file start-v2.cif (mmCIF, N, CA and C atoms)
data_work
loop_
_atom_site.label_atom_id
_atom_site.label_comp_id
_atom_site.auth_asym_id
_atom_site.auth_seq_id
_atom_site.Cartn_x
_atom_site.Cartn_y
_atom_site.Cartn_z
N MET A 16 15.03 97.21 32.47
CA MET A 16 14.25 96.03 32.71
C MET A 16 13.35 95.77 31.52
N THR A 17 13.33 94.57 31.02
CA THR A 17 12.45 94.19 29.94
C THR A 17 11.50 93.13 30.45
N SER A 18 10.24 93.26 30.10
CA SER A 18 9.25 92.29 30.54
C SER A 18 9.25 91.09 29.63
N GLN A 19 8.53 90.10 30.02
CA GLN A 19 8.28 88.95 29.18
C GLN A 19 7.01 89.22 28.40
N PRO A 20 7.04 89.13 27.07
CA PRO A 20 5.81 89.37 26.31
C PRO A 20 4.72 88.38 26.74
N ALA A 21 3.50 88.85 26.74
CA ALA A 21 2.35 88.00 27.06
C ALA A 21 1.37 88.08 25.90
N SER A 22 0.69 86.97 25.63
CA SER A 22 -0.30 86.93 24.56
C SER A 22 -1.60 86.37 25.09
N MET A 23 -2.70 86.83 24.49
CA MET A 23 -4.02 86.37 24.88
C MET A 23 -4.94 86.52 23.67
N ARG A 24 -5.79 85.53 23.46
CA ARG A 24 -6.79 85.62 22.41
C ARG A 24 -8.02 86.33 22.98
N LEU A 25 -8.39 87.45 22.35
CA LEU A 25 -9.55 88.19 22.78
C LEU A 25 -10.71 87.91 21.83
N PRO A 26 -11.94 87.84 22.36
CA PRO A 26 -13.09 87.44 21.56
C PRO A 26 -13.71 88.58 20.75
N ALA A 27 -12.89 89.25 19.96
CA ALA A 27 -13.36 90.36 19.14
C ALA A 27 -12.41 90.52 17.96
N PRO A 28 -12.90 91.10 16.86
CA PRO A 28 -12.04 91.31 15.71
C PRO A 28 -10.96 92.36 16.00
N PRO A 29 -9.86 92.32 15.25
CA PRO A 29 -8.76 93.27 15.49
C PRO A 29 -9.17 94.73 15.47
N ASP A 30 -10.13 95.11 14.62
CA ASP A 30 -10.49 96.53 14.57
C ASP A 30 -11.12 97.01 15.87
N GLN A 31 -11.86 96.15 16.57
CA GLN A 31 -12.44 96.54 17.85
C GLN A 31 -11.36 96.64 18.93
N VAL A 32 -10.43 95.71 18.94
CA VAL A 32 -9.32 95.76 19.90
C VAL A 32 -8.49 97.03 19.64
N HIS A 33 -8.22 97.27 18.38
CA HIS A 33 -7.44 98.45 17.99
C HIS A 33 -8.13 99.73 18.47
N ALA A 34 -9.45 99.79 18.30
CA ALA A 34 -10.20 100.99 18.71
C ALA A 34 -10.05 101.27 20.20
N ILE A 35 -10.02 100.22 21.02
CA ILE A 35 -9.82 100.40 22.46
C ILE A 35 -8.42 100.95 22.74
N LEU A 36 -7.42 100.37 22.06
CA LEU A 36 -6.04 100.77 22.30
C LEU A 36 -5.76 102.21 21.88
N VAL A 37 -6.47 102.71 20.88
CA VAL A 37 -6.20 104.07 20.39
C VAL A 37 -7.27 105.07 20.84
N ASP A 38 -7.90 104.77 21.95
CA ASP A 38 -8.85 105.71 22.57
C ASP A 38 -8.16 106.31 23.79
N PRO A 39 -7.34 107.33 23.59
CA PRO A 39 -6.49 107.82 24.67
C PRO A 39 -7.25 108.29 25.91
N LEU A 40 -8.38 108.94 25.72
CA LEU A 40 -9.09 109.50 26.87
C LEU A 40 -9.77 108.42 27.71
N ALA A 41 -9.90 107.21 27.18
CA ALA A 41 -10.50 106.11 27.94
C ALA A 41 -9.45 105.21 28.61
N LEU A 42 -8.18 105.51 28.43
CA LEU A 42 -7.14 104.67 29.06
C LEU A 42 -7.34 104.46 30.56
N PRO A 43 -7.70 105.49 31.33
CA PRO A 43 -7.90 105.27 32.77
C PRO A 43 -9.05 104.30 33.09
N GLN A 44 -9.93 104.05 32.14
CA GLN A 44 -11.04 103.14 32.39
C GLN A 44 -10.60 101.67 32.39
N TRP A 45 -9.41 101.38 31.87
CA TRP A 45 -8.95 99.99 31.91
C TRP A 45 -7.49 99.84 32.34
N ASN A 46 -6.80 100.95 32.55
CA ASN A 46 -5.45 100.89 33.12
C ASN A 46 -5.50 101.60 34.47
N GLU A 47 -5.54 100.83 35.52
CA GLU A 47 -5.72 101.38 36.86
C GLU A 47 -4.56 102.23 37.36
N ALA A 48 -3.43 102.21 36.66
CA ALA A 48 -2.32 103.07 37.05
C ALA A 48 -2.60 104.53 36.70
N PHE A 49 -3.54 104.75 35.79
CA PHE A 49 -3.82 106.11 35.32
C PHE A 49 -5.09 106.65 35.96
N LEU A 50 -4.99 107.83 36.55
CA LEU A 50 -6.17 108.49 37.12
C LEU A 50 -6.89 109.33 36.08
N SER A 51 -6.14 110.03 35.23
CA SER A 51 -6.76 110.85 34.20
C SER A 51 -5.75 111.12 33.09
N ILE A 52 -6.30 111.48 31.94
CA ILE A 52 -5.47 111.86 30.80
C ILE A 52 -6.20 112.98 30.07
N SER A 53 -5.46 113.95 29.57
CA SER A 53 -6.11 115.05 28.86
C SER A 53 -5.39 115.32 27.54
N GLY A 54 -6.21 115.65 26.56
CA GLY A 54 -5.73 115.91 25.21
C GLY A 54 -6.85 115.61 24.24
N PRO A 55 -6.56 115.69 22.96
CA PRO A 55 -7.61 115.44 21.98
C PRO A 55 -8.03 113.97 21.96
N PRO A 56 -9.31 113.70 21.64
CA PRO A 56 -9.79 112.33 21.63
C PRO A 56 -9.24 111.49 20.48
N ARG A 57 -8.86 112.13 19.40
CA ARG A 57 -8.31 111.40 18.25
C ARG A 57 -6.80 111.26 18.43
N PRO A 58 -6.29 110.04 18.44
CA PRO A 58 -4.86 109.86 18.69
C PRO A 58 -4.00 110.31 17.51
N VAL A 59 -2.90 110.95 17.84
CA VAL A 59 -1.96 111.40 16.84
C VAL A 59 -0.56 110.99 17.30
N PRO A 60 0.13 110.15 16.54
CA PRO A 60 1.50 109.81 16.94
C PRO A 60 2.36 111.06 17.11
N GLY A 61 3.10 111.08 18.19
CA GLY A 61 3.97 112.21 18.48
C GLY A 61 3.36 113.29 19.35
N LEU A 62 2.05 113.24 19.54
CA LEU A 62 1.37 114.22 20.39
C LEU A 62 1.46 113.75 21.84
N ARG A 63 1.90 114.62 22.72
CA ARG A 63 2.04 114.27 24.13
C ARG A 63 0.80 114.66 24.91
N TYR A 64 0.20 113.67 25.58
CA TYR A 64 -0.97 113.89 26.43
C TYR A 64 -0.52 114.08 27.87
N ARG A 65 -1.22 114.93 28.60
CA ARG A 65 -0.95 115.05 30.03
C ARG A 65 -1.65 113.91 30.75
N LEU A 66 -0.92 113.28 31.65
CA LEU A 66 -1.39 112.09 32.33
C LEU A 66 -1.23 112.30 33.83
N THR A 67 -2.19 111.84 34.60
CA THR A 67 -2.05 111.80 36.05
C THR A 67 -1.99 110.33 36.45
N VAL A 68 -0.88 109.97 37.07
CA VAL A 68 -0.60 108.59 37.43
C VAL A 68 -0.90 108.40 38.91
N ARG A 69 -1.49 107.27 39.24
CA ARG A 69 -1.78 106.95 40.63
C ARG A 69 -0.51 107.04 41.44
N PRO A 70 -0.45 107.76 42.52
CA PRO A 70 -1.49 108.32 43.37
C PRO A 70 -1.74 109.81 43.14
N GLY A 71 -1.48 110.32 41.93
CA GLY A 71 -1.69 111.74 41.64
C GLY A 71 -0.45 112.41 41.07
N LEU A 72 0.48 111.64 40.58
CA LEU A 72 1.73 112.18 40.05
C LEU A 72 1.55 112.63 38.60
N PRO A 73 2.22 113.72 38.21
CA PRO A 73 2.12 114.19 36.83
C PRO A 73 2.94 113.30 35.91
N GLY A 74 2.41 113.08 34.73
CA GLY A 74 3.12 112.28 33.75
C GLY A 74 2.69 112.64 32.35
N HIS A 75 3.08 111.80 31.40
CA HIS A 75 2.72 112.02 30.00
C HIS A 75 2.49 110.68 29.31
N TRP A 76 1.72 110.72 28.23
CA TRP A 76 1.43 109.57 27.37
C TRP A 76 1.63 110.04 25.94
N GLU A 77 2.20 109.17 25.11
CA GLU A 77 2.40 109.53 23.71
C GLU A 77 2.36 108.27 22.85
N TYR A 78 1.54 108.29 21.82
CA TYR A 78 1.57 107.21 20.83
C TYR A 78 2.77 107.46 19.93
N THR A 79 3.57 106.43 19.72
CA THR A 79 4.73 106.57 18.82
C THR A 79 4.48 105.92 17.47
N ALA A 80 3.54 104.98 17.40
CA ALA A 80 3.16 104.36 16.13
C ALA A 80 1.75 103.80 16.27
N ILE A 81 0.95 104.04 15.24
CA ILE A 81 -0.39 103.49 15.19
C ILE A 81 -0.57 102.85 13.82
N GLN A 82 -0.63 101.54 13.80
CA GLN A 82 -0.85 100.77 12.59
C GLN A 82 -2.01 99.82 12.85
N PRO A 83 -2.65 99.30 11.82
CA PRO A 83 -3.79 98.40 12.06
C PRO A 83 -3.45 97.17 12.90
N ASP A 84 -2.21 96.70 12.80
CA ASP A 84 -1.83 95.49 13.54
C ASP A 84 -0.84 95.73 14.67
N ARG A 85 -0.57 97.01 14.97
CA ARG A 85 0.44 97.32 15.99
C ARG A 85 0.21 98.73 16.54
N VAL A 86 0.26 98.84 17.86
CA VAL A 86 0.18 100.14 18.52
C VAL A 86 1.38 100.24 19.46
N GLU A 87 2.11 101.33 19.35
CA GLU A 87 3.25 101.57 20.21
C GLU A 87 3.04 102.90 20.95
N ALA A 88 3.44 102.92 22.20
CA ALA A 88 3.27 104.14 23.00
C ALA A 88 4.39 104.22 24.02
N VAL A 89 4.60 105.42 24.51
CA VAL A 89 5.50 105.65 25.64
C VAL A 89 4.72 106.44 26.67
N TRP A 90 5.03 106.18 27.92
CA TRP A 90 4.46 107.00 28.98
C TRP A 90 5.48 107.07 30.10
N GLY A 91 5.33 108.09 30.91
CA GLY A 91 6.28 108.21 31.99
C GLY A 91 5.93 109.33 32.95
N MET A 92 6.77 109.38 33.97
CA MET A 92 6.70 110.40 35.01
C MET A 92 8.12 110.52 35.53
N PRO A 93 8.41 111.47 36.38
CA PRO A 93 9.78 111.61 36.86
C PRO A 93 10.33 110.29 37.42
N GLY A 94 11.46 109.84 36.87
CA GLY A 94 12.12 108.62 37.33
C GLY A 94 11.59 107.34 36.72
N PHE A 95 10.61 107.43 35.83
CA PHE A 95 9.98 106.23 35.27
C PHE A 95 9.60 106.47 33.82
N HIS A 96 9.98 105.55 32.95
CA HIS A 96 9.65 105.65 31.54
C HIS A 96 9.31 104.25 31.03
N GLU A 97 8.22 104.15 30.27
CA GLU A 97 7.81 102.86 29.69
C GLU A 97 7.64 103.00 28.19
N GLN A 98 8.16 102.02 27.46
CA GLN A 98 7.88 101.84 26.04
C GLN A 98 7.01 100.59 25.94
N ALA A 99 5.81 100.73 25.36
CA ALA A 99 4.87 99.62 25.29
C ALA A 99 4.50 99.31 23.84
N THR A 100 4.28 98.03 23.58
CA THR A 100 3.89 97.57 22.26
C THR A 100 2.73 96.61 22.38
N TRP A 101 1.75 96.76 21.52
CA TRP A 101 0.60 95.86 21.41
C TRP A 101 0.55 95.40 19.96
N THR A 102 0.64 94.10 19.70
CA THR A 102 0.49 93.59 18.34
C THR A 102 -0.79 92.78 18.26
N LEU A 103 -1.47 92.90 17.11
CA LEU A 103 -2.77 92.28 16.91
C LEU A 103 -2.71 91.36 15.70
N ARG A 104 -3.24 90.15 15.86
CA ARG A 104 -3.29 89.19 14.76
C ARG A 104 -4.62 88.44 14.81
N PRO A 105 -5.36 88.42 13.70
CA PRO A 105 -6.61 87.66 13.70
C PRO A 105 -6.35 86.19 14.05
N GLN A 106 -7.24 85.62 14.87
CA GLN A 106 -7.09 84.21 15.24
C GLN A 106 -8.44 83.65 15.64
N ASP A 107 -8.88 82.62 14.96
CA ASP A 107 -10.09 81.88 15.31
C ASP A 107 -11.29 82.78 15.60
N GLY A 108 -11.54 83.75 14.74
CA GLY A 108 -12.68 84.62 14.93
C GLY A 108 -12.47 85.71 15.97
N GLY A 109 -11.31 85.79 16.53
CA GLY A 109 -10.97 86.82 17.52
C GLY A 109 -9.65 87.46 17.16
N THR A 110 -8.95 87.91 18.17
CA THR A 110 -7.66 88.58 17.96
C THR A 110 -6.65 88.07 18.96
N LEU A 111 -5.51 87.64 18.47
CA LEU A 111 -4.39 87.31 19.35
C LEU A 111 -3.64 88.62 19.60
N VAL A 112 -3.62 89.03 20.86
CA VAL A 112 -2.96 90.28 21.24
C VAL A 112 -1.70 89.92 22.02
N THR A 113 -0.59 90.48 21.60
CA THR A 113 0.67 90.31 22.33
C THR A 113 1.09 91.67 22.86
N HIS A 114 1.40 91.70 24.15
CA HIS A 114 1.78 92.96 24.80
C HIS A 114 3.15 92.79 25.42
N ASP A 115 3.96 93.81 25.24
CA ASP A 115 5.29 93.83 25.83
C ASP A 115 5.63 95.27 26.20
N PHE A 116 6.52 95.42 27.17
CA PHE A 116 6.96 96.76 27.53
C PHE A 116 8.37 96.70 28.10
N GLN A 117 8.99 97.86 28.12
CA GLN A 117 10.33 98.02 28.69
C GLN A 117 10.32 99.26 29.56
N HIS A 118 10.90 99.15 30.76
CA HIS A 118 10.97 100.27 31.69
C HIS A 118 12.41 100.73 31.85
N THR A 119 12.55 102.04 32.06
CA THR A 119 13.84 102.62 32.41
C THR A 119 13.61 103.68 33.48
N GLY A 120 14.67 104.05 34.17
CA GLY A 120 14.60 105.09 35.19
C GLY A 120 14.79 104.52 36.59
N TRP A 121 15.16 105.40 37.51
CA TRP A 121 15.44 104.96 38.88
C TRP A 121 14.19 104.40 39.55
N LEU A 122 13.04 105.03 39.32
CA LEU A 122 11.80 104.55 39.94
C LEU A 122 11.39 103.21 39.35
N ALA A 123 11.65 103.02 38.07
CA ALA A 123 11.37 101.72 37.43
C ALA A 123 12.18 100.62 38.11
N SER A 124 13.41 100.91 38.47
CA SER A 124 14.23 99.91 39.17
C SER A 124 13.65 99.57 40.54
N VAL A 125 13.19 100.59 41.23
CA VAL A 125 12.60 100.38 42.56
C VAL A 125 11.32 99.56 42.46
N LEU A 126 10.54 99.80 41.41
CA LEU A 126 9.23 99.15 41.25
C LEU A 126 9.28 97.87 40.42
N SER A 127 10.46 97.41 40.05
CA SER A 127 10.56 96.29 39.11
C SER A 127 9.79 95.04 39.57
N ASN A 128 9.83 94.71 40.84
CA ASN A 128 9.10 93.53 41.32
C ASN A 128 7.59 93.71 41.21
N ALA A 129 7.12 94.94 41.37
CA ALA A 129 5.68 95.20 41.28
C ALA A 129 5.15 95.02 39.87
N TYR A 130 6.02 95.05 38.88
CA TYR A 130 5.59 94.94 37.49
C TYR A 130 5.65 93.50 36.95
N ARG A 131 5.99 92.55 37.77
CA ARG A 131 5.98 91.16 37.31
C ARG A 131 4.55 90.72 37.05
N GLY A 132 4.31 90.19 35.87
CA GLY A 132 2.97 89.72 35.52
C GLY A 132 2.03 90.80 35.04
N VAL A 133 2.50 92.03 34.92
CA VAL A 133 1.62 93.12 34.51
C VAL A 133 1.15 92.95 33.06
N GLU A 134 1.95 92.29 32.22
CA GLU A 134 1.53 92.07 30.84
C GLU A 134 0.21 91.31 30.81
N ASP A 135 0.13 90.21 31.56
CA ASP A 135 -1.10 89.42 31.62
C ASP A 135 -2.24 90.22 32.23
N LEU A 136 -1.96 90.95 33.27
CA LEU A 136 -2.98 91.77 33.92
C LEU A 136 -3.55 92.80 32.95
N ARG A 137 -2.70 93.46 32.20
CA ARG A 137 -3.17 94.44 31.23
C ARG A 137 -4.03 93.80 30.14
N LEU A 138 -3.65 92.61 29.71
CA LEU A 138 -4.45 91.92 28.70
C LEU A 138 -5.83 91.56 29.23
N ARG A 139 -5.91 91.13 30.48
CA ARG A 139 -7.22 90.82 31.08
C ARG A 139 -8.07 92.10 31.22
N ARG A 140 -7.43 93.20 31.58
CA ARG A 140 -8.16 94.46 31.69
C ARG A 140 -8.62 94.94 30.32
N LEU A 141 -7.78 94.76 29.31
CA LEU A 141 -8.17 95.11 27.95
C LEU A 141 -9.38 94.28 27.52
N GLU A 142 -9.39 93.01 27.86
CA GLU A 142 -10.53 92.15 27.53
C GLU A 142 -11.80 92.65 28.22
N ARG A 143 -11.71 93.00 29.49
CA ARG A 143 -12.89 93.51 30.21
C ARG A 143 -13.40 94.80 29.57
N ARG A 144 -12.49 95.68 29.19
CA ARG A 144 -12.90 96.93 28.55
C ARG A 144 -13.56 96.65 27.20
N LEU A 145 -13.00 95.73 26.45
CA LEU A 145 -13.55 95.34 25.16
C LEU A 145 -14.97 94.83 25.30
N LEU A 146 -15.19 93.98 26.28
CA LEU A 146 -16.52 93.43 26.51
C LEU A 146 -17.49 94.51 27.01
N ALA A 147 -16.99 95.45 27.79
CA ALA A 147 -17.85 96.53 28.28
C ALA A 147 -18.29 97.45 27.14
N VAL A 148 -17.42 97.67 26.17
CA VAL A 148 -17.73 98.57 25.07
C VAL A 148 -18.55 97.88 23.97
N TYR A 149 -18.16 96.65 23.62
CA TYR A 149 -18.76 95.97 22.48
C TYR A 149 -19.68 94.81 22.86
N GLY A 150 -19.73 94.46 24.12
CA GLY A 150 -20.54 93.31 24.54
C GLY A 150 -19.85 92.01 24.18
N GLU A 151 -20.56 90.91 24.42
CA GLU A 151 -19.95 89.59 24.18
C GLU A 151 -20.19 89.13 22.77
#

call {"tool": "encode", "arguments": {"input": "start-v2.cif", "output": "structure tokens"}}
result
Amino acid sequence: MTSQPASMRLPAPPDQVHAILVDPLALPQWNEAFLSISGPPRPVPGLRYRLTVRPGLPGHWEYTAIQPDRVEAVWGMPGFHEQATWTLRPQDGGTLVTHDFQHTGWLASVLSNAYRGVEDLRLRRLERRLLAVYGE
């Protein structure tokens, strides 16, 4: 299953948006699917973090690429795997963020309807986290 990419202009420069995306230990503060994540606070591509996914299932998170204008990650749990991409582009004093993801696995097939519109939801949550950390 492949999602439809979603884009949103966030009211902050790309470096602030990027900082939120590459703060692995704070992911549960704006992604409600995650209960907790453990590992080093500094992100390293290829390093696998232990993740607890709602409602308490074991999983993992891994950054696969970290660039100033693009962050790629994979996460999963038994029966579910996601490849996610966030691209950042300066726009009108803020940042145009485009988010896309692809799911595989038997559980992903079962949950496919629940993931409709999640791209937009994640962008709104990212915006709330951005405002909570950096203010308006």

call {"tool": "residues_around", "arguments": {"input": "start-v2.cif", "residues": "A:Thr67", "least_positions_apart": "2", "cutoff": "5 Å", "atoms": "all atoms listed in the file", "output": "JSON, numbers by chain"}}
result
{"A": [49, 50, 51, 52, 65, 69, 72, 73, 74]}

call {"tool": "write_last_selection", "arguments": {"input": "start-v2.cif", "atoms": "N, CA and C atoms", "output": "mmCIF file, in the coordinates of the input"}}
result
data_model
loop_
_atom_site.group_PDB
_atom_site.id
_atom_site.type_symbol
_atom_site.label_atom_id
_atom_site.label_comp_id
_atom_site.auth_asym_id
_atom_site.auth_seq_id
_atom_site.Cartn_x
_atom_site.Cartn_y
_atom_site.Cartn_z
ATOM 1 N N PHE A 49 -3.540 104.750 35.790
ATOM 2 C CA PHE A 49 -3.820 106.110 35.320
ATOM 3 C C PHE A 49 -5.090 106.650 35.960
ATOM 4 N N LEU A 50 -4.990 107.830 36.550
ATOM 5 C CA LEU A 50 -6.170 108.490 37.120
ATOM 6 C C LEU A 50 -6.890 109.330 36.080
ATOM 7 N N SER A 51 -6.140 110.030 35.230
ATOM 8 C CA SER A 51 -6.760 110.850 34.200
ATOM 9 C C SER A 51 -5.750 111.120 33.090
ATOM 10 N N ILE A 52 -6.300 111.480 31.940
ATOM 11 C CA ILE A 52 -5.470 111.860 30.800
ATOM 12 C C ILE A 52 -6.200 112.980 30.070
ATOM 13 N N ARG A 65 -1.220 114.930 28.600
ATOM 14 C CA ARG A 65 -0.950 115.050 30.030
ATOM 15 C C ARG A 65 -1.650 113.910 30.750
ATOM 16 N N ARG A 69 -1.490 107.270 39.240
ATOM 17 C CA ARG A 69 -1.780 106.950 40.630
ATOM 18 C C ARG A 69 -0.510 107.040 41.440
ATOM 19 N N LEU A 72 0.480 111.640 40.580
ATOM 20 C CA LEU A 72 1.730 112.180 40.050
ATOM 21 C C LEU A 72 1.550 112.630 38.600
ATOM 22 N N PRO A 73 2.220 113.720 38.210
ATOM 23 C CA PRO A 73 2.120 114.190 36.830
ATOM 24 C C PRO A 73 2.940 113.300 35.910
ATOM 25 N N GLY A 74 2.410 113.080 34.730
ATOM 26 C CA GLY A 74 3.120 112.280 33.750
ATOM 27 C C GLY A 74 2.690 112.640 32.350
#

call {"tool": "closest_residue", "arguments": {"input": "start-v2.cif", "among": "A:Gly54, A:Pro70, A:Pro28, A:Gly150", "to": "A:Asp84", "atoms": "only C-alpha atoms"}}
result
A:Pro28

call {"tool": "atom_distance", "arguments": {"input": "start-v2.cif", "atom1": "atom CA of A:Ala48", "atom2": "atom CA of A:Val68"}}
result
5.8 Å

call {"tool": "residues_around", "arguments": {"input": "start-v2.cif", "residues": "A:Leu145", "least_positions_apart": "6", "cutoff": "8 Å", "atoms": "all atoms listed in the file", "output": "number ranges by chain"}}
result
A: 26-27, 31-32, 35, 139, 151

call {"tool": "closest_residue", "arguments": {"input": "start-v2.cif", "among": "A:Gly132, A:Trp45, A:His118, A:Ala88", "to": "A:Leu62", "atoms": "only C-alpha atoms"}}
result
A:Ala88

call {"tool": "build_atoms", "arguments": {"input": "start-v2.cif", "residues": "stretch 31-40 of chain A", "atoms": "all heavy atoms", "output": "JSON list (two decimals), in the frame of the given file"}}
result
[["chain", "number", "residue", "atom", "x", "y", "z"],
["A", 31, "GLN", "N", -11.86, 96.15, 16.57],
["A", 31, "GLN", "CA", -12.44, 96.54, 17.85],
["A", 31, "GLN", "C", -11.36, 96.64, 18.93],
["A", 31, "GLN", "O", -11.38, 97.57, 19.74],
["A", 31, "GLN", "CB", -13.52, 95.55, 18.27],
["A", 31, "GLN", "CG", -14.77, 95.65, 17.42],
["A", 31, "GLN", "CD", -15.85, 94.67, 17.85],
["A", 31, "GLN", "OE1", -15.67, 93.84, 18.74],
["A", 31, "GLN", "NE2", -17.01, 94.77, 17.21],
["A", 32, "VAL", "N", -10.43, 95.71, 18.94],
["A", 32, "VAL", "CA", -9.32, 95.76, 19.90],
["A", 32, "VAL", "C", -8.49, 97.03, 19.64],
["A", 32, "VAL", "O", -8.15, 97.76, 20.57],
["A", 32, "VAL", "CB", -8.44, 94.51, 19.82],
["A", 32, "VAL", "CG1", -7.25, 94.61, 20.77],
["A", 32, "VAL", "CG2", -9.26, 93.25, 20.11],
["A", 33, "HIS", "N", -8.22, 97.27, 18.38],
["A", 33, "HIS", "CA", -7.44, 98.45, 17.99],
["A", 33, "HIS", "C", -8.13, 99.73, 18.47],
["A", 33, "HIS", "O", -7.47, 100.64, 18.99],
["A", 33, "HIS", "CB", -7.27, 98.45, 16.47],
["A", 33, "HIS", "CG", -6.33, 99.48, 15.97],
["A", 33, "HIS", "ND1", -6.74, 100.75, 15.61],
["A", 33, "HIS", "CD2", -4.98, 99.42, 15.76],
["A", 33, "HIS", "CE1", -5.69, 101.43, 15.20],
["A", 33, "HIS", "NE2", -4.61, 100.66, 15.28],
["A", 34, "ALA", "N", -9.45, 99.79, 18.30],
["A", 34, "ALA", "CA", -10.20, 100.99, 18.71],
["A", 34, "ALA", "C", -10.05, 101.27, 20.20],
["A", 34, "ALA", "O", -9.94, 102.43, 20.61],
["A", 34, "ALA", "CB", -11.68, 100.84, 18.34],
["A", 35, "ILE", "N", -10.02, 100.22, 21.02],
["A", 35, "ILE", "CA", -9.82, 100.40, 22.46],
["A", 35, "ILE", "C", -8.42, 100.95, 22.74],
["A", 35, "ILE", "O", -8.23, 101.87, 23.53],
["A", 35, "ILE", "CB", -10.04, 99.08, 23.23],
["A", 35, "ILE", "CG1", -11.46, 98.56, 23.05],
["A", 35, "ILE", "CG2", -9.66, 99.23, 24.71],
["A", 35, "ILE", "CD1", -12.54, 99.40, 23.65],
["A", 36, "LEU", "N", -7.42, 100.37, 22.06],
["A", 36, "LEU", "CA", -6.04, 100.77, 22.30],
["A", 36, "LEU", "C", -5.76, 102.21, 21.88],
["A", 36, "LEU", "O", -4.89, 102.86, 22.46],
["A", 36, "LEU", "CB", -5.08, 99.83, 21.57],
["A", 36, "LEU", "CG", -5.02, 98.40, 22.09],
["A", 36, "LEU", "CD1", -4.20, 97.52, 21.16],
["A", 36, "LEU", "CD2", -4.47, 98.36, 23.51],
["A", 37, "VAL", "N", -6.47, 102.71, 20.88],
["A", 37, "VAL", "CA", -6.20, 104.07, 20.39],
["A", 37, "VAL", "C", -7.27, 105.07, 20.84],
["A", 37, "VAL", "O", -7.48, 106.09, 20.20],
["A", 37, "VAL", "CB", -5.99, 104.10, 18.86],
["A", 37, "VAL", "CG1", -4.77, 103.28, 18.47],
["A", 37, "VAL", "CG2", -7.23, 103.64, 18.12],
["A", 38, "ASP", "N", -7.90, 104.77, 21.95],
["A", 38, "ASP", "CA", -8.85, 105.71, 22.57],
["A", 38, "ASP", "C", -8.16, 106.31, 23.79],
["A", 38, "ASP", "O", -8.33, 105.83, 24.91],
["A", 38, "ASP", "CB", -10.13, 104.96, 22.96],
["A", 38, "ASP", "CG", -11.20, 105.88, 23.52],
["A", 38, "ASP", "OD1", -10.94, 107.10, 23.66],
["A", 38, "ASP", "OD2", -12.29, 105.38, 23.82],
["A", 39, "PRO", "N", -7.34, 107.33, 23.59],
["A", 39, "PRO", "CA", -6.49, 107.82, 24.67],
["A", 39, "PRO", "C", -7.25, 108.29, 25.91],
["A", 39, "PRO", "O", -6.81, 108.04, 27.03],
["A", 39, "PRO", "CB", -5.69, 108.96, 24.05],
["A", 39, "PRO", "CG", -6.50, 109.39, 22.88],
["A", 39, "PRO", "CD", -7.21, 108.16, 22.39],
["A", 40, "LEU", "N", -8.38, 108.94, 25.72],
["A", 40, "LEU", "CA", -9.09, 109.50, 26.87],
["A", 40, "LEU", "C", -9.77, 108.42, 27.71],
["A", 40, "LEU", "O", -10.13, 108.68, 28.86],
["A", 40, "LEU", "CB", -10.09, 110.55, 26.41],
["A", 40, "LEU", "CG", -9.48, 111.73, 25.64],
["A", 40, "LEU", "CD1", -10.54, 112.76, 25.30],
["A", 40, "LEU", "CD2", -8.32, 112.36, 26.40]]
